[in-house]
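To be precise, the following lines are coords-v9.cif, and they hold mmCIF, C-alpha atoms.
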```
data_work
#
loop_
_atom_site.label_atom_id
_atom_site.label_comp_id
_atom_site.auth_asym_id
_atom_site.auth_seq_id
_atom_site.Cartn_x
_atom_site.Cartn_y
_atom_site.Cartn_z
CA MET A 1 187.76 -126.32 85.17
CA LEU A 2 188.87 -128.35 88.19
CA SER A 3 189.43 -126.45 91.40
CA ALA A 4 192.86 -126.25 92.99
CA CYS A 5 191.56 -128.41 95.85
CA VAL A 6 190.42 -131.17 93.50
CA LEU A 7 193.67 -131.03 91.55
CA ALA A 8 195.62 -131.34 94.79
CA SER A 9 193.52 -134.35 95.80
CA LEU A 10 194.10 -136.02 92.44
CA SER A 11 197.80 -135.37 92.73
CA THR A 12 197.82 -136.96 96.20
CA LEU A 13 195.92 -140.01 94.95
CA SER A 14 198.33 -140.37 92.01
CA PHE A 15 201.31 -140.22 94.37
CA ALA A 16 199.70 -142.77 96.70
CA ALA A 17 199.04 -145.13 93.80
CA LYS A 18 202.67 -144.94 92.71
CA LYS A 19 203.84 -145.46 96.26
CA GLU A 20 201.68 -148.56 96.70
CA LYS A 21 202.64 -150.14 93.37
CA LYS A 22 204.16 -153.52 94.09
CA VAL A 23 207.56 -154.54 92.81
CA TRP A 24 207.37 -157.70 90.72
CA ASN A 25 209.97 -159.11 88.36
CA GLU A 26 211.24 -162.28 86.73
CA THR A 27 213.24 -163.39 89.77
CA LEU A 28 210.29 -163.08 92.14
CA ASP A 29 207.91 -164.67 89.65
CA LYS A 30 210.13 -167.74 89.36
CA TYR A 31 210.05 -168.51 93.08
CA PHE A 32 206.98 -166.78 94.54
CA THR A 33 203.39 -165.84 93.86
CA GLN A 34 201.51 -162.83 95.21
CA ILE A 35 198.86 -163.77 97.76
CA GLU A 36 195.22 -163.80 96.67
CA ALA A 37 193.27 -166.09 99.03
CA THR A 38 192.85 -165.25 102.71
CA GLU A 39 193.84 -168.75 103.85
CA VAL A 40 195.55 -171.73 102.23
CA ALA A 41 196.35 -175.28 103.26
CA PRO A 42 199.92 -176.55 103.68
CA ASP A 43 201.27 -178.32 100.61
CA ALA A 44 200.97 -182.08 100.05
CA GLU A 45 203.93 -182.73 102.38
CA GLY A 46 202.71 -180.33 105.05
CA PHE A 47 205.19 -177.53 104.32
CA ILE A 48 204.20 -173.96 105.13
CA ARG A 49 204.64 -171.89 101.98
CA ARG A 50 202.83 -168.68 102.97
CA TRP A 51 204.94 -166.06 104.75
CA ASN A 52 205.11 -162.36 105.38
CA LEU A 53 208.81 -161.61 104.88
CA LEU A 54 210.74 -158.48 105.76
CA GLU A 55 213.29 -157.38 103.18
CA PRO A 56 216.64 -158.65 104.47
CA ILE A 57 218.63 -156.63 107.00
CA SER A 58 222.35 -156.23 106.33
CA LYS A 59 224.50 -158.13 108.85
CA PRO A 60 228.12 -158.45 107.67
CA ASN A 61 229.66 -161.90 108.19
CA ARG A 62 232.64 -162.93 106.11
CA GLY A 63 232.08 -166.58 106.98
CA ASN A 64 229.48 -168.85 108.53
CA THR A 65 231.67 -170.53 111.15
CA VAL A 66 230.74 -167.80 113.66
CA PHE A 67 227.16 -169.10 113.96
CA VAL A 68 227.54 -170.86 117.31
CA ASP A 69 224.56 -170.86 119.69
CA SER A 70 225.61 -167.74 121.60
CA TYR A 71 226.33 -165.70 118.45
CA VAL A 72 223.01 -166.59 116.85
CA ARG A 73 220.99 -165.86 119.98
CA ASP A 74 222.76 -162.53 120.48
CA ALA A 75 222.23 -161.59 116.83
CA PHE A 76 218.47 -162.20 117.03
CA ALA A 77 218.13 -160.60 120.47
CA LYS A 78 219.38 -157.29 119.11
CA GLN A 79 216.64 -154.75 118.39
CA TYR A 80 216.62 -153.99 114.65
CA PHE A 81 213.11 -152.52 114.42
CA ASP A 82 210.15 -151.69 116.65
CA GLY A 83 207.80 -154.59 117.36
CA GLN A 84 210.42 -157.12 116.30
CA MET A 85 208.86 -159.91 118.38
CA THR A 86 205.24 -158.74 118.33
CA ILE A 87 204.47 -157.17 114.96
CA MET A 88 201.79 -158.69 112.74
CA PRO A 89 202.67 -156.79 109.59
CA GLU A 90 200.44 -155.85 106.69
CA ASP A 91 201.56 -156.67 103.17
CA GLY A 92 203.63 -153.69 102.02
CA GLN A 93 203.99 -152.23 105.51
CA LYS A 94 207.25 -150.35 105.98
CA VAL A 95 209.42 -150.25 109.09
CA LYS A 96 212.48 -148.27 110.05
CA VAL A 97 215.44 -150.59 110.59
CA VAL A 98 218.91 -150.28 112.08
CA GLU A 99 221.31 -152.46 110.13
CA GLU A 100 225.05 -152.93 109.90
CA VAL A 101 227.30 -152.29 106.92
CA GLU A 102 230.96 -153.02 106.42
CA VAL A 103 232.93 -149.87 105.66
CA VAL A 104 235.77 -150.22 103.17
CA GLU A 105 238.14 -147.30 103.44
CA LYS A 106 239.53 -145.69 100.33
CA GLY A 107 242.73 -147.37 99.25
CA ALA A 108 242.12 -150.47 101.36
CA PRO A 109 243.14 -153.80 99.77
CA THR A 110 240.30 -155.67 98.10
CA ASP A 111 241.87 -159.13 98.18
CA MET A 112 242.24 -161.73 100.94
CA ARG A 113 244.45 -159.39 102.99
CA ARG A 114 241.39 -157.28 103.80
CA MET A 115 239.21 -160.33 104.36
CA MET A 116 241.66 -161.66 106.95
CA GLY A 117 241.72 -158.45 108.96
CA PRO A 118 239.04 -157.12 111.32
CA ALA A 119 236.00 -155.64 109.61
CA LYS A 120 235.02 -152.02 110.24
CA ILE A 121 231.27 -151.98 110.91
CA GLU A 122 228.92 -149.03 111.06
CA GLU A 123 225.24 -148.92 111.93
CA VAL A 124 222.91 -147.17 109.49
CA LYS A 125 219.18 -146.55 109.42
CA THR A 126 217.03 -147.57 106.49
CA THR A 127 213.42 -148.34 105.65
CA LEU A 128 212.39 -151.85 104.60
CA ALA A 129 209.06 -153.35 103.59
CA TRP A 130 207.16 -156.51 104.46
CA HIS A 131 205.92 -158.72 101.61
CA ALA A 132 203.21 -161.38 101.91
CA LEU A 133 204.12 -164.16 99.48
CA ASP A 134 203.51 -167.81 98.69
CA SER A 135 206.60 -169.84 97.83
CA LYS A 136 206.32 -171.93 94.67
CA LEU A 137 208.63 -174.48 96.29
CA PHE A 138 208.46 -176.33 99.60
CA ASN A 139 211.40 -174.21 100.73
CA VAL A 140 211.43 -170.42 100.87
CA LYS A 141 214.31 -169.00 98.84
CA ILE A 142 215.50 -166.01 100.87
CA PHE A 143 218.47 -165.53 98.53
CA ARG A 144 216.07 -165.03 95.61
CA PHE A 145 213.66 -162.97 97.71
CA ALA A 146 216.51 -160.56 98.54
CA GLU A 147 217.65 -160.48 94.93
CA GLY A 148 214.11 -159.79 93.68
CA TYR A 149 213.68 -156.77 95.95
CA GLY A 150 217.12 -155.35 95.25
CA ARG A 151 218.65 -156.17 98.61
CA ASN A 152 222.08 -157.63 99.29
CA HIS A 153 221.59 -161.41 99.19
CA TYR A 154 224.70 -162.23 101.26
CA SER A 155 225.43 -161.32 104.89
CA LEU A 156 221.83 -160.88 105.93
CA ILE A 157 219.17 -161.40 108.54
CA CYS A 158 215.64 -162.09 107.35
CA TRP A 159 212.52 -162.09 109.54
CA GLY A 160 209.36 -163.96 108.63
CA VAL A 161 205.90 -164.28 110.19
CA THR A 162 202.95 -166.52 109.39
CA VAL A 163 199.66 -167.49 111.04
CA ILE A 164 198.53 -171.09 111.57
CA ASN A 165 194.77 -171.53 112.01
CA CYS A 166 193.50 -174.59 113.90
CA GLU A 167 189.99 -175.89 114.52
CA GLU A 168 191.06 -177.47 117.82
CA ASP A 169 194.05 -177.69 120.15
CA MET A 170 196.82 -179.86 118.69
CA THR A 171 200.02 -181.35 120.11
CA VAL A 172 202.73 -181.05 117.47
CA ARG A 173 206.44 -180.55 116.88
CA LEU A 174 207.91 -177.80 114.70
CA ALA A 175 210.32 -179.18 112.09
CA VAL A 176 212.72 -176.80 110.35
CA GLY A 177 215.59 -176.84 107.91
CA SER A 178 217.59 -173.69 107.15
CA ASN A 179 220.66 -172.35 105.41
CA ALA A 180 222.38 -171.17 107.49
CA ALA A 181 221.38 -170.56 111.12
CA SER A 182 217.88 -169.66 112.32
CA GLN A 183 215.66 -169.31 115.38
CA TRP A 184 211.90 -169.96 115.67
CA TRP A 185 209.10 -168.92 117.99
CA VAL A 186 205.51 -170.18 118.24
CA ASN A 187 203.04 -167.90 120.03
CA GLY A 188 205.97 -166.00 121.49
CA GLU A 189 207.73 -169.09 122.89
CA ASP A 190 211.27 -169.84 121.78
CA VAL A 191 210.96 -173.41 120.49
CA LEU A 192 213.86 -174.09 118.13
CA LEU A 193 217.42 -172.93 117.38
CA LEU A 194 219.43 -174.09 114.37
CA SER A 195 223.02 -172.96 114.89
CA ASN A 196 226.33 -173.43 113.05
CA ASP A 197 226.98 -173.40 109.31
CA ARG A 198 224.48 -175.80 107.76
CA ARG A 199 222.72 -176.62 104.54
CA MET A 200 218.95 -176.69 104.38
CA VAL A 201 217.63 -180.21 104.93
CA GLN A 202 213.96 -180.84 105.61
CA ASP A 203 213.22 -181.66 109.26
CA ASP A 204 216.87 -180.97 110.10
CA CYS A 205 215.84 -179.95 113.62
CA VAL A 206 212.61 -180.77 115.44
CA SER A 207 211.25 -178.98 118.51
CA LYS A 208 209.91 -180.43 121.72
CA ARG A 209 206.15 -181.06 121.88
CA ILE A 210 204.23 -177.79 121.68
CA THR A 211 200.54 -176.91 121.54
CA LEU A 212 198.86 -175.20 118.64
CA HIS A 213 195.73 -173.69 120.13
CA LYS A 214 192.28 -173.51 118.58
CA GLY A 215 192.17 -170.36 116.47
CA LYS A 216 195.22 -168.34 115.41
CA ASN A 217 198.81 -169.27 116.22
CA ILE A 218 201.72 -167.04 115.28
CA VAL A 219 204.95 -168.55 113.95
CA ARG A 220 207.91 -166.20 113.79
CA GLY A 221 211.36 -166.99 112.47
CA ALA A 222 214.68 -165.27 111.82
CA LEU A 223 217.45 -166.53 109.54
CA ILE A 224 221.06 -165.39 109.39
CA ASN A 225 223.68 -166.12 106.74
CA GLY A 226 227.02 -164.89 105.44
CA PRO A 227 228.34 -166.08 102.08
CA GLY A 228 226.22 -168.58 100.15
CA MET A 229 222.58 -169.36 99.51
CA SER A 230 219.84 -168.71 102.07
CA ASP A 231 216.57 -170.60 102.44
CA PHE A 232 214.36 -172.42 104.93
CA CYS A 233 211.55 -174.96 105.09
CA VAL A 234 209.00 -175.35 107.89
CA ARG A 235 206.25 -177.81 108.75
CA PHE A 236 204.57 -179.35 111.77
CA LEU A 237 204.73 -183.05 112.64
CA ASP A 238 202.18 -184.98 114.69
CA GLU A 239 202.85 -187.49 117.48
CA ALA A 240 203.51 -190.20 114.89
CA GLY A 241 206.02 -188.01 113.03
CA LYS A 242 203.67 -187.44 110.09
CA PRO A 243 203.09 -184.01 108.49
CA VAL A 244 200.21 -182.00 109.94
CA LYS A 245 197.82 -180.99 107.18
CA ASN A 246 194.51 -180.26 108.91
CA ILE A 247 195.42 -176.59 109.42
CA THR A 248 195.26 -173.47 107.29
CA VAL A 249 197.81 -170.73 106.82
CA SER A 250 197.28 -166.98 106.54
CA TYR A 251 199.53 -163.94 106.65
CA LYS A 252 197.50 -161.85 109.11
#
```
Will you turn the file into structure tokens for me?
Amino acid sequence: MLSACVLASLSTLSFAAKKEKKVWNETLDKYFTQIEATEVAPDAEGFIRRWNLLEPISKPNRGNTVFVDSYVRDAFAKQYFDGQMTIMPEDGQKVKVVEEVEVVEKGAPTDMRRMMGPAKIEEVKTTLAWHALDSKLFNVKIFRFAEGYGRNHYSLICWGVTVINCEEDMTVRLAVGSNAASQWWVNGEDVLLLSNDRRMVQDDCVSKRITLHKGKNIVRGALINGPGMSDFCVRFLDEAGKPVKNITVSYK
């Protein structure tokens, strides 16, 4: 007969196994793959497909016309979770997040009359998880990522982190397309802002010259959207404007 101590240990292990079980479904499988290799190369066109993504944070926006430079910068400067600009998350790591929700009072109109009036916003605390994934497409479908993990896929902010590994110092430019607005940092330096309501177009905005150093380089991005689809695509371009491919990508 097993001792009470052993039974308790088995119960704890069983609970831990259930807790660590990864969510995977048809939506995620259509657009992403779970990471297996430690490092991968960019795709044939140089796009970075490997990202550690945080489940989207609710950020109510009834339209996308508000995404002027100042609004976007203020939205990303707000502290949603600890280590927002420094964290190198593990796959499955959970963080406590402060997000915003629109409160609809009982009896309030549900048509355009409500949409035209001021929104009532409340802050709530929740727990979200990071997921290390490879996109099956050159662009990362945040809309489908949110849908796959049961999060609201409109009115969101999504944070992503990836690691670029270089064998030598390189002078490059960061090229990004996003739907809608986004901001990007390389090794902690703010290098690119895509503001206003926009559709994702590859190389829509290109940064100034920056240096990728020998070893690990951290790329961090945040995307914000209201109604509509959400996605982004990222790659580096060399001095001749050609995709950089002699790098590898990892999630930690």
- [ ] Just the residues within 12 Å of A:Ser70, please, counting only C-alpha atoms, with nothing from its chain fewer than 2 positions along; format it as a ChimeraX atom specification.
- [x] /A:66-68,72-77,181,183,193-196
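Our summary of the geometry notes that atom CA of A:Ile57 is positioned 21.1 Å from atom CA of A:Asp190.
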Open item on the list: I'd like the neighbourhood of A:Ile247 as a list in words, where a residue qualifies if any of its atoms comes within 10 Å (using only C-alpha atoms), though same-chain residues fewer than 5 positions away should be ignored.
Closed with: Glu39, Val40, Ala41, Pro42, Gly46, Ile164, Asn165, Cys166, Glu167, Glu168, Met170, Leu212, Gly215 and Phe236 of chain A
Task: Pick from A:Gly221, A:Pro227, A:Pro243, A:Gly160 nearest to A:Arg50, counting all atoms listed in the file - done: A:Gly160
TODO: Convert the output of the PyMOL selection byres ((chain A and resi 184) around 9) on the shown file into explicit residues, formatted as a PyMOL selection string.
DONE: chain A and resi 174+176+182-183+185-186+189-194+219-223
Would you kindly translate the PyMOL selection byres ((chain A and resi 122) around 10) into the concrete residues it picks from this file, as a tab-separated table (two decimals) with C-alpha atoms, in the coordinates of the input?
```
chain	number	residue	atom	x	y	z
A	99	GLU	CA	221.31	-152.46	110.13
A	100	GLU	CA	225.05	-152.93	109.90
A	101	VAL	CA	227.30	-152.29	106.92
A	102	GLU	CA	230.96	-153.02	106.42
A	103	VAL	CA	232.93	-149.87	105.66
A	119	ALA	CA	236.00	-155.64	109.61
A	120	LYS	CA	235.02	-152.02	110.24
A	121	ILE	CA	231.27	-151.98	110.91
A	123	GLU	CA	225.24	-148.92	111.93
A	124	VAL	CA	222.91	-147.17	109.49
```
TODO: Starting from the displayed file, determine the output of the PyMOL selection byres ((chain A and resi 125) around 6) and express the residue list as a ChimeraX atom specification.
DONE: /A:97-98,124,126
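Proximity of A:Tyr149, A:Lys78, A:Asp231, A:Phe47 to A:Ala175, computed with only C-alpha atoms, is greatest for A:Phe47.
Atom CA of A:Gly148 sits 7.7 Å away from atom CA of A:Trp24.
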Task: Nearest-residue call for A:Pro60, choices A:Ile142, A:Ile224, A:Ile218, A:Ile48, using all atoms listed in the file - done: A:Ile224
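Distances to A:Ala129 were evaluated for A:Val206, A:Ile157, A:Met200, A:Val95 using only C-alpha atoms, and the minimum falls at A:Val95.
Taking atom CA of A:Phe138 and atom CA of A:Asp91 as endpoints, the distance between them is 21.1 Å.
Residue nearest A:Met229, chosen from A:Asn139, A:Ser58, A:Gln93, A:Asn179 and counting only C-alpha atoms: A:Asn179.
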TODO: Between A:Val201, A:Leu53, A:Val234, A:Ala37, single out the one closest to A:Ser250, counting all atoms listed in the file.
DONE: A:Ala37
